[in-house]
Structures are given as C-alpha cells and as structure tokens.
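A quick write-up on the structure given underneath.
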Amino acid sequence: MATLLGSESPWTGGKRSVRNGNIIAKIRHSQIVGRGFSRGTQLPEALLQDRDKQAKWHSIPELLQKLHESSHPNSDLSHTHSVLKELSSLLSMEAMSFVTEDRKSAQESTFPITYTFDLFGGVDVIHSLCFVPAVNDDLVNDCLSVLYNCCICTEGVTKSLAARDYFVLFLFTLMTNKKTFLQTATLIEDILGVKKAMIQLEGVANLSGLVQSFDQQQLANFCRILSVTVSEPDVGNDDKHTLLAKNAQQKQDSSLSRAEVNQVTLLNIPGFIERLCKLATRKVSEATGASNFLQELEDWYTWLDNALVLDALMQMATEETEHTSTESSNESSLATSTLRHRLPQSMKIVHEIMYKVEVLYVLCVLLMGSHRNQVHKMLAEFRLIPGLNNLFDKLIWRKYTSSNHVVHGQNENCDCSPEISFKIQFLRLLQSFSDHHENKYLLLNSQELNELSAISLKANIPEVEALVNTDRSLVCDGKKGLLTRLLTVMKKEPPDSSFRFWQARAVESFLRGVTSYADQMFLLKRGLLENMLFCIIDSGCKSKDVLQSYFDLLGELMKFNIDAFKRFNMYVSTDNKFQTFMTQINSSLVDSNMLVRCIILSLDRFETQTEDRKVVEVLSECCLLSYLAQVENRLSFLFRLVNIINVQTLTQENVSCLNTSLVVLMLARRRGKLPFYLKALREKEHAEKYPGCLLNNFHNLLRFWQRHYLNRDKDSTCLENSSCIPFSYWNETVSVLLGSDRTSLCAIASYIDEPFMDLDRDLLEC
C-alpha cells in the first residue's frame, strides 16, 4: 500500500498527499476487515466528498458505501438498483473505450474509474451482493455487467475472480435463467480464460440438466465456455514443443487430463452431440430472427467486442448494396435504403457464423480426444457431414474471402474475421474427421462411391473394406460430395493463401492411412496432382507452411501409384521444371521429407514389379524415380536428415525426419546393404572433420525412438500403415542398429571409433 500511495497518480497530475493516502488506507482497511465498508468506520461525508472532488474519484467511494449497506442478507434493496446503474454507467464507458482500442497497448492506469472502483473494494462488494438471496434478475444483471466491465479493463480483477472456484461454480447456476444467461456466459468465458487450473465440469451442480435446459441459441453460446474446458491448456504452438519434454510430462501425468475428463462428462449428457450437430448444420433461415440478435446487442454489447466483426457486418452490407445499386439508375437513394434494409440480414449471417465457429471447434476437439470412435459414430448417425455439405455453397464458401493472414496453430488465438475463422475451423474439422478413419467416405455422395468401386474393378483390385462397409444412407446428398466441393474451391484459391494450407491438410487426411489406389485415382482424375505441381513449381509460392502442406499431400497422392508418377513426369517435362521442383524440396527437408519418403518407398516397390510393362516404362522415363534410384542421392538425403535433428530438438513436426531416415535404412537392410550405408555415414562425418558426431547423434535418436514409439499403439500403427512395413520390422531394425556387439556390421557402434564412442550418452536422460 505504501508503494501505491506514494506513486505518481496518472489522473491527478502529481503525488497524492499523505492525508489523502491516509483516507484511502482507512477506507481500504475497513473494507479488508469487514469485507466492505463497515458501518462503524464510515468517514465524515463532507471530508469524503472533498477528497473525492480533488482526486476525481467520481463519487465511487460514496456509492460503494451505499452499496455495501445493502449487501447483507435481509437488507433493503430498494435503492441498490439505481446505485448499480450509476456505477455500471461509469465503468461501461471505460470498458467501451478499451474494446475499441488496442488491448495490448492499453495500460490499466489508463482507466482511472475502474482502478478506483477496485481500489476501494468495489469488486468484493459486488461479489457479496451476488449472494444476497433477495437479489432479483435485474440486480444480478447489473452486478454481472459491473464485474465484466472491470475484467475488461483490469486483468487483476479477472484473476482474482478466477481464483474463487466457488464463485465460478456459482456463476454456472445463474445460467439457468434466460435473463441472466448471456451476461453470465460472457463473464465465465473471460474468467476461465485466465484461470490457472482448468475447471472440472463434473463439479457444476446438475450440469446435465443445465445443458438440457438450454435452447439452441444458449447452447451455441455455451460452446464458447466449453471451448476453454475441453481443450488442453494453450502453451504455444504444440508442434514446437519437444517430444522429450512431452514424454517427461506424460510420465508425471499418467491419468486422464482435466480436459479429457471434461470431454467424457459432456459425452455423457443425453442428446448433447446431436444438438451440436443440428447447430452446426442449421441454415441461417432456421436461426433466431435478427430482431432477437439486435436485442442481444442492446443488452450485452460485448458480443461484438472485436472490431473485425463490426467491419465484417458493414463490408457485407456494403457489398450487397453495391451489387444492387449497379442494377438501378437511382444509385444514391437505392444504396441508402438497401443498406438499411439488408444490414439486419448481414448481422444474422455473421451471428450464425460466430455460433458455428464455437460449435465446430468443440466437435473438432472431441474428435481428437480419447473417445474418438464414440464421437465418430454419433457424428455419422446425426448426419453432420451431409448437413455441412448442404451448407457449403450457401454459407461456408458462399463467396471468396481474402486470407493473407498467418497460418495459425490448432490452439492459437487469432484475430481473423468471423468468416475466415469459420472456414478454417470447418477445414480443421474435416481434417480430424477423415484422418485414419473409415468414416472418411461419408464425405462423398453415392455416385462418387460408385466411381471408387468402378476404379477398383477396372484395376482388378479388391475394394477397400471401409468403402464396402459405408452406410450409404449417411453419405452426402446432391450432385457433389463435400470432398469434391472442397477440391473445386481449393483449385480456385491463390497458391500462397493460408486457406490452401488447411485445404491441403483436409484432403491429405482423406488419403492418409492404408494407401488406396482408388482414392488416389479419384483425386488424380480431378487434376489435383497438376494443381499441386503448379503451386510448387510455377506459382512462386513462398509460404513455408503452405509448401509443406503441398509436399505432404503430393506424397500421399503419389505413393505406390505408378499412374501418378507418369503424370508427374509429363508435367515436369523440362529440366528447368525438374530442377525447380528439386530446389523446393532441398530448400527445407523438414518440410519435404514426407514426400521424399513416399518416393523412396514407391521406388522400392516398383523395382519388384518388373513384369509389369507400364512400371518398367515409367521407371526408365521418370526423372524423379531415376534421381532417387542413385545411391549417392539417397545417401545425401540420409546424411542431411540425421544431421538436422537431435534428441533435444525433436518435435512432432520434425520427428518425421528420423522416421524417413529409418525408412532408407530399413529398405537397405532388406537388400543386405545396411553396412554399406553405415560405412558411408562414417566416411561422411570423417570428411566433415567431425568423427563420431553424426553416428553418436543417430544412436541417441534411435534410443529415444524406442522409448517414444514402443508405448504408443496409435503412432506405431500410423507408421505401419503409411509405409506398408510391419512395425515389428521397424522395431527389429532399430534394435539391430543399436546393438552393442562391435563386431556386427549392422550395428552403429561398429562404425564409431573408440575415442569418440557415446559422446552424448547423458543427453537422453531427463
């Protein structure tokens, strides 16, 4: 307190006097002792008013004294409402100025009213008032409005409320009342955003009954809260966290995380997933009327606290006005009337989009959780994918939206406009839905499923079991399935658009898993390979993230598919194009190594199919296959793959480099050439004047690989499916390479000179 009272006051222009400081200290002391302004320690009214005027406290201490007197059980609340309204008006002006400015640059000292209110114990007084039994809905709304306005301007208030678990749980009980629902939901969302420990939903009294009592609009708002409670705490870009640190953390946290427990709690609520699916797929015409939305804005303006939302509303209305005005000679008057007439509809669209962003996010998180199969079954049953397909042209991708923003990570907050956020969340959902799951075929319609069957029949190969088992009553309706619609808009998108990143990820997830020739041909027939090659070679795309998504998709599209390599060779018909392609690959091997792995695996398989005339022809003509068939080029890739990673820098993003290097050595081992490759690595490190460095690093990486993969069934299954190499052979090869027998020609230890053995023995320990 001494530091505070002796500091420069941002709104009085100088240091507070000692006498003034004593007054604050006395009032503050009485607030601390008596949880508010104690009746026995009231200050003379004239003195308080005098100091109030000098310090520009805006009568806040006096108002709080009055409020404190009515914050006890059985108090007279007749004058409380007017006092709260006065306080709320003062605080809301500062809050509004805050949300219309840059929050990051704003300082708490910029908001003297909120600071004074908190200094004199206003937050505690309002907190106590919330628990008075006789408080009616209007008073509760006023209390919540005051607290929220304080939270907007002063993060310390938000953290203080977040530390009171009983208060957070109490707020949930206020959501049963429709009059207080929206204010309560918004306050809870802000509080949970700064809360250190994630709240446990099972601690909310009668959560199931609460959720079931919500109408669809309330449930959509509630998803804003759920998005904080079902996802793991955001500690940065997940891909950038080292696997070593993650593994150590998982050893400590062997039980389900709080987020996973919350996911299970929600899944046990009857009808919850079905209602989310209905929200995600409902048409704008089925949503609540615009008049209700405008009423919400009047009651709780914070729904639009992001200026980008307002910009989006005005831009959409203006675009509609311009379109209409070009068809009339009386442009001026028509434009004005059309703007007034159409703005509510534009608001309604953005309102619905904002709802769907939250709903899709919750569904996406549940899809990636520990009960994925259960969620998948329900999403299929409630026809989520056909519903989204019906919305695609009319709402999801109804018009082109510029997306020059940075590609964001899965858990990263972003300042995108609602339409951009909606599209990205939609694409993330498709990616999660398709990834390594047989329900991916629900993204097609019946005609497209028949096309896949025809491709398999023509190629004289059996249909994929998942395709045969697909329930055709649950697939997409209409002339195009969702995957085909996605491909159409993807090819129209600028090559370096961040939408391209998510679009490519979504399409790649459809191909991931056990390689399906029919799935690949379905996409090849629609020109996807040529489009990817144009983006990589001819478009001048510079985005590292987008290029990586192209490489990964191209790898899945071409893997084991001789027709794809033939198409590739036809596109890369000149040396210049091929050199440009290889330059892109070599510019960042972390980003392109999955494609390199797919080419090497494909080459290995093709070399065993020499009785097939088409295969022999493509092997002899394809410049890409010829390039990787040269041992020196494979060794060059192997050396760089091992050299760019170590145990301390391994992440989910670059661990693929380790697995690609293992693929190279596994294939060499199959052909009895493993000693040749290990010897070449030894010669390379000696030539680089770093004897033992490369091989010791690789030895440590493989030791980590054993710890990481042997206890992860899902990860090991993915390795097996993507490579068509049994995981037992992966594990066996690693064990051979890590062998301690220095006489074994297949053990790394045999190629490290004794003085340089185990340079980094302790680096694996954590």
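FYI, nothing fancy with the structure tokens labels: chains A, B, ... in order, residues from 1 per chain, ligands from 1 as they appear.
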(message) Can you pull out every residue from region 44-208 of chain A that DSSP, working from the backbone, puts in helix (DSSP H, G or I), and format the result as number ranges by chain?
(response) A: 45-55, 60-69, 80-99, 108-110, 112-119, 122-130, 137-153, 155-162, 165-174, 178-194, 201-203, 207-208
Would you write out, as a tab-separated table, a table of all residues in region 415-502 of chain A that have an atom no more than 6 Å from an atom of region 515-535 of chain A, listing for each the closest atom pair and the distance in Å to one decimal, considering only C-alpha atoms and ordering rows by chain and rising residue number?
residue	atom	partner	partner_atom	distance
A:Leu452	CA	A:Ala518	CA	5.5
A:Ile455	CA	A:Ala518	CA	5.6
A:Ser456	CA	A:Ala518	CA	5.8
A:Pro495	CA	A:Cys535	CA	5.5
(message) Need the shell around Cys718 (chain A): protein/DNA/RNA residues with any atom at most 12 Å away, counting only C-alpha atoms. Skip same-chain ones fewer than 6 positions apart. Format as a ChimeraX atom specification?
(response) /A:435-437,512-515,656,659,709,712,724-727
(message) Report, in Å with one decimal, the straight-line distance from CA of Glu202 (chain A) to CA of Thr186 (chain A).
(response) 20.3 Å
(message) Which residues are near region 355-360 of chain A? Cut-off 6 Å, only C-alpha atoms, ignore same chain within fewer than 5 positions. Put them as a ChimeraX atom specification.
(response) /A:220,223-224,280,422
